[in-house]
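Undergrad: So here's upload-v8.pdb (PDB, C-alpha atoms and all ligand atoms).
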MODEL        1
ATOM      1  CA  MET C 294      67.770  92.826 186.070
ATOM      2  CA  ALA C 295      64.211  92.779 187.422
ATOM      3  CA  VAL C 296      63.523  90.022 189.904
ATOM      4  CA  ALA C 297      60.083  88.420 190.097
ATOM      5  CA  LYS C 298      57.927  88.770 193.183
ATOM      6  CA  LEU C 299      57.794  85.515 195.132
ATOM      7  CA  ILE C 300      54.216  84.368 195.639
ATOM      8  CA  ASP C 301      54.199  83.038 199.191
ATOM      9  CA  GLY C 302      51.626  80.241 199.265
ATOM     10  CA  LYS C 303      52.630  79.296 202.785
ATOM     11  CA  ILE C 304      51.584  82.621 204.307
ATOM     12  CA  LYS C 305      48.413  82.835 202.197
ATOM     13  CA  ALA C 306      47.481  79.290 203.256
ATOM     14  CA  GLU C 307      48.134  80.105 206.933
ATOM     15  CA  ASN C 308      45.831  83.133 206.681
ATOM     16  CA  ILE C 309      43.089  80.986 205.139
ATOM     17  CA  ILE C 310      43.551  78.325 207.834
ATOM     18  CA  GLU C 311      43.062  80.999 210.521
ATOM     19  CA  ILE C 312      39.702  81.971 208.948
ATOM     20  CA  ILE C 313      38.724  78.280 208.754
ATOM     21  CA  LYS C 314      39.561  77.696 212.439
ATOM     22  CA  LYS C 315      37.318  80.584 213.484
ATOM     23  CA  ASP C 316      34.473  79.586 211.132
ATOM     24  CA  SER C 317      34.706  75.976 212.276
ATOM     25  CA  LEU C 318      34.456  77.044 215.928
ATOM     26  CA  ASN C 319      31.413  79.224 215.123
ATOM     27  CA  LEU C 320      29.740  76.334 213.302
ATOM     28  CA  GLN C 321      30.198  74.176 216.394
ATOM     29  CA  LYS C 322      28.906  76.885 218.745
ATOM     30  CA  GLU C 323      25.899  77.933 216.688
ATOM     31  CA  TYR C 324      24.895  74.679 214.992
ATOM     32  CA  ASN C 325      26.634  71.996 217.045
ATOM     33  CA  ILE C 326      28.358  70.706 213.901
ATOM     34  CA  LYS C 327      32.032  69.712 213.946
ATOM     35  CA  PRO C 328      33.387  69.343 210.387
ATOM     36  CA  GLY C 329      34.538  65.739 209.833
ATOM     37  CA  LEU C 330      37.069  64.510 207.268
ATOM     38  CA  ALA C 331      37.782  60.843 206.433
ATOM     39  CA  VAL C 332      40.917  60.067 204.427
ATOM     40  CA  LEU C 333      41.510  56.647 202.859
ATOM     41  CA  ILE C 334      44.951  55.511 201.811
ATOM     42  CA  ILE C 335      45.559  52.197 200.104
ATOM     43  CA  GLY C 336      49.072  50.815 199.666
ATOM     44  CA  GLU C 337      52.553  51.901 200.682
ATOM     45  CA  ASP C 338      53.484  54.828 198.412
ATOM     46  CA  PRO C 339      55.759  56.888 200.728
ATOM     47  CA  ALA C 340      54.918  60.299 199.219
ATOM     48  CA  SER C 341      51.173  59.583 199.541
ATOM     49  CA  HIS C 342      51.622  58.623 203.197
ATOM     50  CA  ILE C 343      53.352  61.956 203.867
ATOM     51  CA  TYR C 344      50.555  63.898 202.101
ATOM     52  CA  VAL C 345      47.843  62.023 204.028
ATOM     53  CA  LYS C 346      49.564  62.552 207.368
ATOM     54  CA  ASN C 347      49.802  66.296 206.619
ATOM     55  CA  LYS C 348      46.100  66.396 205.707
ATOM     56  CA  ARG C 349      45.141  64.606 208.935
ATOM     57  CA  LEU C 350      47.311  66.872 211.114
ATOM     58  CA  LYS C 351      45.956  70.007 209.427
ATOM     59  CA  ALA C 352      42.370  68.816 209.887
ATOM     60  CA  GLU C 353      43.071  68.245 213.592
ATOM     61  CA  SER C 354      44.658  71.694 213.914
ATOM     62  CA  CYS C 355      41.501  73.209 212.373
ATOM     63  CA  GLY C 356      39.459  71.557 215.131
ATOM     64  CA  PHE C 357      37.880  69.031 212.749
ATOM     65  CA  TYR C 358      36.900  65.446 213.510
ATOM     66  CA  SER C 359      39.403  63.464 211.454
ATOM     67  CA  THR C 360      39.733  59.763 210.626
ATOM     68  CA  GLN C 361      42.377  57.966 208.588
ATOM     69  CA  HIS C 362      41.731  54.545 207.026
ATOM     70  CA  THR C 363      45.011  52.875 206.089
ATOM     71  CA  LEU C 364      44.477  49.765 203.998
ATOM     72  CA  PRO C 365      46.993  47.259 202.579
ATOM     73  CA  ASN C 366      48.050  47.273 198.935
ATOM     74  CA  ASP C 367      46.008  44.139 198.100
ATOM     75  CA  THR C 368      42.689  45.449 199.497
ATOM     76  CA  SER C 369      39.750  44.455 197.276
ATOM     77  CA  GLU C 370      37.504  46.959 195.539
ATOM     78  CA  GLU C 371      34.571  45.508 197.470
ATOM     79  CA  ILE C 372      36.115  46.345 200.856
ATOM     80  CA  ILE C 373      36.875  49.914 199.739
ATOM     81  CA  LEU C 374      33.399  50.455 198.274
ATOM     82  CA  ASN C 375      31.800  49.108 201.485
ATOM     83  CA  LEU C 376      33.904  51.497 203.559
ATOM     84  CA  ILE C 377      32.970  54.445 201.308
ATOM     85  CA  ASN C 378      29.280  53.507 201.655
ATOM     86  CA  GLU C 379      29.602  53.457 205.441
ATOM     87  CA  LEU C 380      31.294  56.869 205.397
ATOM     88  CA  ASN C 381      28.648  58.227 203.005
ATOM     89  CA  ASP C 382      26.045  57.342 205.671
ATOM     90  CA  ASN C 383      28.107  58.492 208.671
ATOM     91  CA  ASP C 384      26.724  61.827 209.938
ATOM     92  CA  LYS C 385      30.000  62.714 211.683
ATOM     93  CA  ILE C 386      31.829  62.682 208.333
ATOM     94  CA  HIS C 387      31.265  65.589 205.933
ATOM     95  CA  GLY C 388      34.194  65.036 203.596
ATOM     96  CA  ILE C 389      35.685  61.827 202.152
ATOM     97  CA  LEU C 390      38.993  61.686 200.281
ATOM     98  CA  VAL C 391      40.652  58.650 198.702
ATOM     99  CA  GLN C 392      44.320  59.420 198.182
ATOM    100  CA  LEU C 393      45.537  58.879 194.604
ATOM    101  CA  PRO C 394      47.275  57.158 192.912
ATOM    102  CA  LEU C 395      45.617  53.848 193.768
ATOM    103  CA  PRO C 396      47.310  50.426 193.457
ATOM    104  CA  LYS C 397      47.006  49.187 189.846
ATOM    105  CA  HIS C 398      44.330  46.494 190.442
ATOM    106  CA  LEU C 399      41.802  49.113 191.646
ATOM    107  CA  ASN C 400      39.413  51.011 189.364
ATOM    108  CA  GLU C 401      39.922  54.688 190.151
ATOM    109  CA  THR C 402      36.730  55.800 188.416
ATOM    110  CA  LEU C 403      34.543  53.286 190.269
ATOM    111  CA  ILE C 404      36.039  54.321 193.619
ATOM    112  CA  THR C 405      36.024  58.110 193.193
ATOM    113  CA  GLN C 406      32.481  58.061 191.787
ATOM    114  CA  ALA C 407      31.245  56.038 194.811
ATOM    115  CA  ILE C 408      31.764  59.039 197.102
ATOM    116  CA  ARG C 409      28.508  60.937 197.612
ATOM    117  CA  PRO C 410      28.786  64.245 195.680
ATOM    118  CA  SER C 411      27.917  66.242 198.830
ATOM    119  CA  LYS C 412      30.941  64.656 200.611
ATOM    120  CA  ASP C 413      33.305  64.764 197.622
ATOM    121  CA  VAL C 414      35.803  67.319 198.992
ATOM    122  CA  ASP C 415      38.248  66.453 196.184
ATOM    123  CA  GLY C 416      35.727  67.598 193.566
ATOM    124  CA  PHE C 417      36.278  64.463 191.447
ATOM    125  CA  HIS C 418      32.638  63.277 191.251
ATOM    126  CA  TYR C 419      31.059  63.945 187.846
ATOM    127  CA  MET C 420      28.307  65.964 189.550
ATOM    128  CA  ASN C 421      30.918  68.400 190.890
ATOM    129  CA  VAL C 422      32.924  68.336 187.646
ATOM    130  CA  GLY C 423      29.757  69.186 185.706
ATOM    131  CA  LYS C 424      28.791  72.005 188.062
ATOM    132  CA  LEU C 425      32.259  73.567 187.787
ATOM    133  CA  ASN C 426      32.225  73.285 183.998
ATOM    134  CA  SER C 427      28.775  74.920 183.917
ATOM    135  CA  GLY C 428      29.985  77.758 186.152
ATOM    136  CA  LYS C 429      27.547  76.703 188.917
ATOM    137  CA  THR C 430      29.924  76.627 191.857
ATOM    138  CA  SER C 431      27.730  77.835 194.725
ATOM    139  CA  ASP C 432      27.313  74.283 196.071
ATOM    140  CA  ALA C 433      30.035  72.478 194.084
ATOM    141  CA  PHE C 434      33.387  71.230 195.327
ATOM    142  CA  ILE C 435      36.337  72.461 193.306
ATOM    143  CA  PRO C 436      39.497  70.299 193.193
ATOM    144  CA  CYS C 437      41.901  71.568 195.827
ATOM    145  CA  THR C 438      45.042  72.270 193.796
ATOM    146  CA  PRO C 439      43.429  74.409 191.060
ATOM    147  CA  ALA C 440      41.276  76.156 193.696
ATOM    148  CA  GLY C 441      44.479  77.077 195.546
ATOM    149  CA  CYS C 442      46.181  78.255 192.326
ATOM    150  CA  MET C 443      43.184  80.417 191.509
ATOM    151  CA  ILE C 444      43.341  82.203 194.851
ATOM    152  CA  LEU C 445      47.039  82.951 194.273
ATOM    153  CA  ILE C 446      46.268  84.289 190.771
ATOM    154  CA  GLU C 447      43.385  86.458 192.028
ATOM    155  CA  ASN C 448      45.682  87.833 194.725
ATOM    156  CA  GLU C 449      47.949  89.146 191.957
ATOM    157  CA  LEU C 450      45.439  90.194 189.295
ATOM    158  CA  GLY C 451      42.028  90.503 190.961
ATOM    159  CA  ASN C 452      39.029  88.314 190.138
ATOM    160  CA  ASP C 453      38.258  89.640 186.659
ATOM    161  CA  LEU C 454      40.733  88.219 184.162
ATOM    162  CA  SER C 455      39.055  89.772 181.098
ATOM    163  CA  GLY C 456      41.552  90.228 178.278
ATOM    164  CA  ILE C 457      44.203  88.100 180.027
ATOM    165  CA  ASN C 458      45.798  85.194 178.145
ATOM    166  CA  ALA C 459      46.380  82.136 180.323
ATOM    167  CA  ILE C 460      48.020  78.864 179.357
ATOM    168  CA  VAL C 461      47.525  75.687 181.377
ATOM    169  CA  ILE C 462      50.230  73.135 180.627
ATOM    170  CA  GLY C 463      48.903  69.672 181.522
ATOM    171  CA  ARG C 464      45.370  68.301 181.015
ATOM    172  CA  SER C 465      44.820  66.057 184.049
ATOM    173  CA  ASN C 466      41.407  65.737 185.677
ATOM    174  CA  ILE C 467      42.926  66.727 189.047
ATOM    175  CA  VAL C 468      44.645  69.949 187.937
ATOM    176  CA  GLY C 469      44.723  70.961 184.261
ATOM    177  CA  LYS C 470      41.065  70.661 183.260
ATOM    178  CA  PRO C 471      39.523  72.179 186.426
ATOM    179  CA  MET C 472      42.176  74.924 186.336
ATOM    180  CA  ALA C 473      41.104  75.837 182.804
ATOM    181  CA  SER C 474      37.432  75.929 183.905
ATOM    182  CA  LEU C 475      38.218  78.278 186.791
ATOM    183  CA  LEU C 476      40.214  80.623 184.560
ATOM    184  CA  LEU C 477      37.432  80.641 181.989
ATOM    185  CA  LYS C 478      34.882  81.409 184.705
ATOM    186  CA  ALA C 479      37.028  84.446 185.633
ATOM    187  CA  HIS C 480      36.876  85.557 181.937
ATOM    188  CA  ALA C 481      40.471  84.685 180.985
ATOM    189  CA  THR C 482      41.265  83.517 177.448
ATOM    190  CA  VAL C 483      42.520  79.991 178.046
ATOM    191  CA  THR C 484      44.822  77.656 176.141
ATOM    192  CA  ILE C 485      45.229  74.076 177.373
ATOM    193  CA  ALA C 486      48.527  72.564 176.265
ATOM    194  CA  HIS C 487      49.633  68.959 176.714
ATOM    195  CA  SER C 488      52.139  66.369 175.519
ATOM    196  CA  LYS C 489      50.786  66.437 171.940
ATOM    197  CA  THR C 490      50.801  70.240 171.639
ATOM    198  CA  LYS C 491      52.997  71.740 168.929
ATOM    199  CA  ASN C 492      54.828  75.059 169.363
ATOM    200  CA  LEU C 493      54.424  75.012 173.146
ATOM    201  CA  GLU C 494      57.188  77.562 173.607
ATOM    202  CA  MET C 495      55.488  80.019 171.225
ATOM    203  CA  LEU C 496      52.088  79.547 172.926
ATOM    204  CA  ALA C 497      53.576  79.960 176.398
ATOM    205  CA  SER C 498      55.443  83.119 175.419
ATOM    206  CA  GLN C 499      52.113  84.845 174.611
ATOM    207  CA  ALA C 500      50.606  84.104 178.019
ATOM    208  CA  ASP C 501      50.122  86.580 180.859
ATOM    209  CA  ILE C 502      49.642  83.617 183.214
ATOM    210  CA  ILE C 503      51.382  80.233 182.913
ATOM    211  CA  ILE C 504      50.142  77.360 185.080
ATOM    212  CA  VAL C 505      52.214  74.233 184.699
ATOM    213  CA  ALA C 506      51.282  70.822 186.104
ATOM    214  CA  VAL C 507      53.265  68.223 184.190
ATOM    215  CA  GLY C 508      55.771  66.633 186.571
ATOM    216  CA  SER C 509      58.851  67.390 184.482
ATOM    217  CA  PRO C 510      61.597  69.190 186.404
ATOM    218  CA  ASN C 511      62.657  72.598 185.000
ATOM    219  CA  MET C 512      60.635  72.114 181.797
ATOM    220  CA  VAL C 513      59.437  75.725 181.430
ATOM    221  CA  LYS C 514      62.436  77.847 180.459
ATOM    222  CA  ALA C 515      62.925  81.571 180.954
ATOM    223  CA  SER C 516      62.870  81.993 177.149
ATOM    224  CA  TRP C 517      59.206  80.769 177.123
ATOM    225  CA  ILE C 518      58.061  83.477 179.516
ATOM    226  CA  LYS C 519      56.549  86.817 178.545
ATOM    227  CA  PRO C 520      58.110  89.659 180.569
ATOM    228  CA  LYS C 521      56.116  90.252 183.790
ATOM    229  CA  ALA C 522      53.970  87.100 183.376
ATOM    230  CA  ILE C 523      52.594  85.333 186.468
ATOM    231  CA  ILE C 524      53.980  81.804 186.836
ATOM    232  CA  ILE C 525      52.161  79.161 188.896
ATOM    233  CA  ASP C 526      54.260  76.013 189.284
ATOM    234  CA  VAL C 527      52.258  72.964 190.372
ATOM    235  CA  GLY C 528      55.096  70.478 189.807
ATOM    236  CA  ILE C 529      56.566  68.608 192.773
ATOM    237  CA  ASN C 530      59.588  66.658 191.549
ATOM    238  CA  ARG C 531      62.064  64.861 193.789
ATOM    239  CA  VAL C 532      65.543  65.472 192.397
ATOM    240  CA  GLY C 533      69.156  65.519 193.578
ATOM    241  CA  LYS C 534      70.048  69.120 194.525
ATOM    242  CA  VAL C 535      73.347  70.644 195.599
ATOM    243  CA  ILE C 536      72.694  71.894 199.152
ATOM    244  CA  ASP C 537      75.691  73.206 201.154
ATOM    245  CA  GLY C 538      78.085  71.597 198.672
ATOM    246  CA  GLU C 539      76.472  68.151 198.971
ATOM    247  CA  ILE C 540      73.973  66.424 196.693
ATOM    248  CA  LYS C 541      70.761  65.853 198.661
ATOM    249  CA  MET C 542      67.242  64.920 197.580
ATOM    250  CA  GLY C 543      65.126  68.049 197.308
ATOM    251  CA  LEU C 544      61.942  69.290 195.636
ATOM    252  CA  THR C 545      61.903  71.122 192.302
ATOM    253  CA  GLY C 546      58.998  72.413 190.271
ATOM    254  CA  ASP C 547      58.269  72.234 186.539
ATOM    255  CA  VAL C 548      59.757  75.718 185.971
ATOM    256  CA  ASP C 549      63.438  76.595 185.604
ATOM    257  CA  PHE C 550      62.995  78.779 188.673
ATOM    258  CA  ASN C 551      66.279  80.710 188.950
ATOM    259  CA  ASP C 552      66.263  81.945 185.339
ATOM    260  CA  ALA C 553      62.474  82.460 185.299
ATOM    261  CA  CYS C 554      62.836  84.873 188.240
ATOM    262  CA  ASN C 555      64.695  87.288 185.954
ATOM    263  CA  ILE C 556      61.778  87.685 183.556
ATOM    264  CA  ALA C 557      58.489  86.786 185.308
ATOM    265  CA  GLY C 558      56.464  89.378 187.215
ATOM    266  CA  ALA C 559      55.569  86.946 190.001
ATOM    267  CA  ILE C 560      56.267  83.253 190.565
ATOM    268  CA  THR C 561      55.413  80.507 193.046
ATOM    269  CA  PRO C 562      58.386  78.715 194.610
ATOM    270  CA  VAL C 563      58.562  74.925 195.077
ATOM    271  CA  PRO C 564      58.207  74.109 197.901
ATOM    272  CA  GLY C 565      56.163  76.862 199.572
ATOM    273  CA  GLY C 566      53.929  77.936 196.684
ATOM    274  CA  VAL C 567      50.990  75.829 195.534
ATOM    275  CA  GLY C 568      51.519  72.891 197.948
ATOM    276  CA  PRO C 569      50.338  74.592 201.172
ATOM    277  CA  MET C 570      47.364  76.067 199.294
ATOM    278  CA  THR C 571      46.182  72.582 198.273
ATOM    279  CA  ILE C 572      45.866  71.487 201.900
ATOM    280  CA  ALA C 573      44.187  74.776 202.883
ATOM    281  CA  MET C 574      41.598  74.238 200.119
ATOM    282  CA  LEU C 575      40.897  70.718 201.370
ATOM    283  CA  MET C 576      40.146  72.179 204.800
ATOM    284  CA  SER C 577      37.983  74.848 203.189
ATOM    285  CA  ASN C 578      36.059  72.238 201.187
ATOM    286  CA  THR C 579      35.530  70.134 204.325
ATOM    287  CA  LEU C 580      34.189  73.151 206.218
ATOM    288  CA  SER C 581      31.975  73.941 203.220
ATOM    289  CA  ALA C 582      30.653  70.366 203.175
ATOM    290  CA  ALA C 583      29.724  70.685 206.856
ATOM    291  CA  ARG C 584      28.086  74.088 206.280
ATOM    292  CA  LEU C 585      26.130  72.912 203.237
ATOM    293  CA  SER C 586      24.860  69.915 205.269
ATOM    294  CA  ALA C 587      23.255  72.473 207.631
ATOM    295  CA  GLY C 588      21.693  74.458 204.775
ATOM    296  CA  LEU C 589      24.322  77.238 205.018
ATOM    297  CA  GLU C 590      26.455  78.714 202.233
ATOM    298  CA  LYS C 591      29.945  77.432 201.449
ATOM    299  CA  SER C 592      32.913  78.597 203.566
ATOM    300  CA  THR C 593      33.913  82.237 203.060
ATOM    301  CA  SER C 594      37.605  81.230 202.956
ATOM    302  CA  THR C 595      37.237  80.506 199.214
ATOM    303  CA  LYS C 596      34.547  83.095 198.531
ATOM    304  CA  GLU C 597      36.739  84.618 195.810
ATOM    305  CA  ILE C 598      36.335  81.576 193.570
TER     306      ILE C 598
HETATM  307  N1  LIG V 601      47.062  62.769 194.849
HETATM  308  C1  LIG V 601      47.711  63.869 194.417
HETATM  309  N2  LIG V 601      46.921  64.960 194.509
HETATM  310  C2  LIG V 601      45.740  64.533 195.017
HETATM  311  C3  LIG V 601      44.521  65.199 195.339
HETATM  312  O1  LIG V 601      44.357  66.410 195.166
HETATM  313  N3  LIG V 601      43.535  64.402 195.847
HETATM  314  C4  LIG V 601      43.704  63.059 196.021
HETATM  315  N4  LIG V 601      42.670  62.370 196.513
HETATM  316  N5  LIG V 601      44.819  62.418 195.728
HETATM  317  C5  LIG V 601      45.841  63.156 195.232
ENDMDL
END
Just give me the structure as structure tokens.

TA:
Amino acid sequence: MAVAKLIDGKIKAENIIEIIKKDSLNLQKEYNIKPGLAVLIIGEDPASHIYVKNKRLKAESCGFYSTQHTLPNDTSEEIILNLINELNDNDKIHGILVQLPLPKHLNETLITQAIRPSKDVDGFHYMNVGKLNSGKTSDAFIPCTPAGCMILIENELGNDLSGINAIVIGRSNIVGKPMASLLLKAHATVTIAHSKTKNLEMLASQADIIIVAVGSPNMVKASWIKPKAIIIDVGINRVGKVIDGEIKMGLTGDVDFNDACNIAGAITPVPGGVGPMTIAMLMSNTLSAARLSAGLEKSTSTKEI
């Protein structure tokens, strides 16, 4: 039986990080600008703390100026908005990220929209959302996870997806919707499926590319997959896994990986697929923010998209 190619997001991300390190050094030498990233985390969510720590360490390894603002769960909106305003006006900071999800009492829209669009390295501000949806990406920030997925897809199929059917399963603002915009920009024919979609299996089985970002372990079955399709699994689910005969907590994606490998053409593993690309794209967006602040073009590390 044919076995799918494993799409190694870890190696691709490492290659991108190497380009970013060099470009960042050049920016400092030629323009005396050190890219700066500020990350805010509110509350105690353990997974979020791990993600934020990884972002901070990666920023430091890229030679960026990096600050982390860790605030207690009961922090008021006013304190957060004041901090964002200070960071908006801080010339050493080029990118600002507020880790989601936020504690329930906080208004996510109010907080994400308070970040100045030119520092919005998450690409959540409506100005950046609108630019992406209009296909005007030369100075827009694209959300990191779909940007990373798109690079992996282009690595397999090139940057012209004319005539290709893609299905995006999940319609979140962070992944599903921007992913669909990027695919459309590359000329793919795009279906967006979600929890109210009927005949999901039938729709998926017609797709040359399946991108799934739902958060439901092993949801996409091998029987849904067209032979040789490219499968991009954005899911990160913590589940009990049998490792060396013992049940341990491990990560699983939204795709029934072992069976899918027998039918797909190429597939991202979890972990080691999309995850490392997300962090690499955050670094790329931060470098781009610093470059744009000096009147230069965005970073070449994401030139493809
Ligand atoms: N939480 C999960 N993914 C993301 C992301 O891409 N950006 C932010 N800010 N929070 C997240």

Undergrad: Enumerate, as a list in words, the residues matched when the PyMOL selection byres (((not hetatm)) within 6 of (chain V and resi 601)) is run on the file above.

TA: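 Against this file, the PyMOL selection byres (((not hetatm)) within 6 of (chain V and resi 601)) returns the residues Leu390, Val391, Gln392, Leu393, Pro394, Asp415 and Cys437 of chain C.
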
Undergrad: Segment 467-473 of chain C: which residues within 8 Å, counting all atoms listed in the file, same-chain residues fewer than 6 positions away excluded, as a list in words?

TA: Phe417, Val422, Leu425, Asn426, Ile435, Pro436, Thr438, Pro439, Ala440, Cys442, Met443, Val461, Val483, Thr484, Ile485 and Ala506 of chain C

Undergrad: Please produce an output containing C-alpha atoms for each residue in the selection, written as a tab-separated table (two decimals), in the coordinates of the input.

TA:
chain	number	residue	atom	x	y	z
C	417	PHE	CA	36.28	64.46	191.45
C	422	VAL	CA	32.92	68.34	187.65
C	425	LEU	CA	32.26	73.57	187.79
C	426	ASN	CA	32.22	73.28	184.00
C	435	ILE	CA	36.34	72.46	193.31
C	436	PRO	CA	39.50	70.30	193.19
C	438	THR	CA	45.04	72.27	193.80
C	439	PRO	CA	43.43	74.41	191.06
C	440	ALA	CA	41.28	76.16	193.70
C	442	CYS	CA	46.18	78.26	192.33
C	443	MET	CA	43.18	80.42	191.51
C	461	VAL	CA	47.52	75.69	181.38
C	483	VAL	CA	42.52	79.99	178.05
C	484	THR	CA	44.82	77.66	176.14
C	485	ILE	CA	45.23	74.08	177.37
C	506	ALA	CA	51.28	70.82	186.10

Undergrad: Going by the chain IDs and residue numbers used in this file, which residues fall under the PyMOL selection byres (((chain C and resi 449) around 12) and not hetatm)? Write them as a PyMOL selection string.

TA: chain C and resi 298-301+442-448+450-454+501-502+521-525+558-561

Undergrad: For the selection just defined, write its residues with C-alpha atoms to a file, as a compact mmCIF listing (two decimals), keeping the file's coordinate frame.

TA:
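This went into selection.txt:
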# COMPACT_ATOMS: atom_id res chain seq x y z
CA LYS C 298 57.93 88.77 193.18
CA LEU C 299 57.79 85.52 195.13
CA ILE C 300 54.22 84.37 195.64
CA ASP C 301 54.20 83.04 199.19
CA CYS C 442 46.18 78.26 192.33
CA MET C 443 43.18 80.42 191.51
CA ILE C 444 43.34 82.20 194.85
CA LEU C 445 47.04 82.95 194.27
CA ILE C 446 46.27 84.29 190.77
CA GLU C 447 43.38 86.46 192.03
CA ASN C 448 45.68 87.83 194.72
CA LEU C 450 45.44 90.19 189.30
CA GLY C 451 42.03 90.50 190.96
CA ASN C 452 39.03 88.31 190.14
CA ASP C 453 38.26 89.64 186.66
CA LEU C 454 40.73 88.22 184.16
CA ASP C 501 50.12 86.58 180.86
CA ILE C 502 49.64 83.62 183.21
CA LYS C 521 56.12 90.25 183.79
CA ALA C 522 53.97 87.10 183.38
CA ILE C 523 52.59 85.33 186.47
CA ILE C 524 53.98 81.80 186.84
CA ILE C 525 52.16 79.16 188.90
CA GLY C 558 56.46 89.38 187.22
CA ALA C 559 55.57 86.95 190.00
CA ILE C 560 56.27 83.25 190.56
CA THR C 561 55.41 80.51 193.05

Undergrad: Enter the distance from atom CA of Gly423 of chain C to atom CA of Leu475 of chain C, in Å, rounded to one decimal.

TA: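 Here the two named atoms are 12.5 Å from each other.
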
Undergrad: Just checking: using all atoms listed in the file, which residue out of C:Asp432, C:Thr405, C:Thr363, C:Leu493 ends up closest to Tyr419 of chain C?

TA: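 Using all atoms listed in the file, Tyr419 of chain C sits closest to C:Thr405.
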
Undergrad: With the PyMOL selection byres (((chain C and resi 342) around 12) and not hetatm) as the selection, what would be picked from this file? Answer as a list of chain:residue names, please.

TA: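 Against this file, the PyMOL selection byres (((chain C and resi 342) around 12) and not hetatm) returns the residues C:Val332, C:Leu333, C:Ile334, C:Ile335, C:Gly336, C:Glu337, C:Asp338, C:Pro339, C:Ala340, C:Ser341, C:Ile343, C:Tyr344, C:Val345, C:Lys346, C:Asn347, C:Lys348, C:Arg349, C:Gln361, C:His362, C:Thr363, C:Leu364, C:Val391, C:Gln392, C:Leu393, C:Pro394.
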
Undergrad: I need the residues from that last selection saved to file as a short mmCIF file (atom, residue, chain, number, x, y, z; two decimals), in the frame of the given file (with C-alpha atoms), if you can.

TA:
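Once everything was written out, this is result-v6.cif:
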data_model
loop_
_atom_site.label_atom_id
_atom_site.label_comp_id
_atom_site.auth_asym_id
_atom_site.auth_seq_id
_atom_site.Cartn_x
_atom_site.Cartn_y
_atom_site.Cartn_z
CA VAL C 332 40.92 60.07 204.43
CA LEU C 333 41.51 56.65 202.86
CA ILE C 334 44.95 55.51 201.81
CA ILE C 335 45.56 52.20 200.10
CA GLY C 336 49.07 50.82 199.67
CA GLU C 337 52.55 51.90 200.68
CA ASP C 338 53.48 54.83 198.41
CA PRO C 339 55.76 56.89 200.73
CA ALA C 340 54.92 60.30 199.22
CA SER C 341 51.17 59.58 199.54
CA ILE C 343 53.35 61.96 203.87
CA TYR C 344 50.56 63.90 202.10
CA VAL C 345 47.84 62.02 204.03
CA LYS C 346 49.56 62.55 207.37
CA ASN C 347 49.80 66.30 206.62
CA LYS C 348 46.10 66.40 205.71
CA ARG C 349 45.14 64.61 208.94
CA GLN C 361 42.38 57.97 208.59
CA HIS C 362 41.73 54.54 207.03
CA THR C 363 45.01 52.88 206.09
CA LEU C 364 44.48 49.76 204.00
CA VAL C 391 40.65 58.65 198.70
CA GLN C 392 44.32 59.42 198.18
CA LEU C 393 45.54 58.88 194.60
CA PRO C 394 47.28 57.16 192.91
#
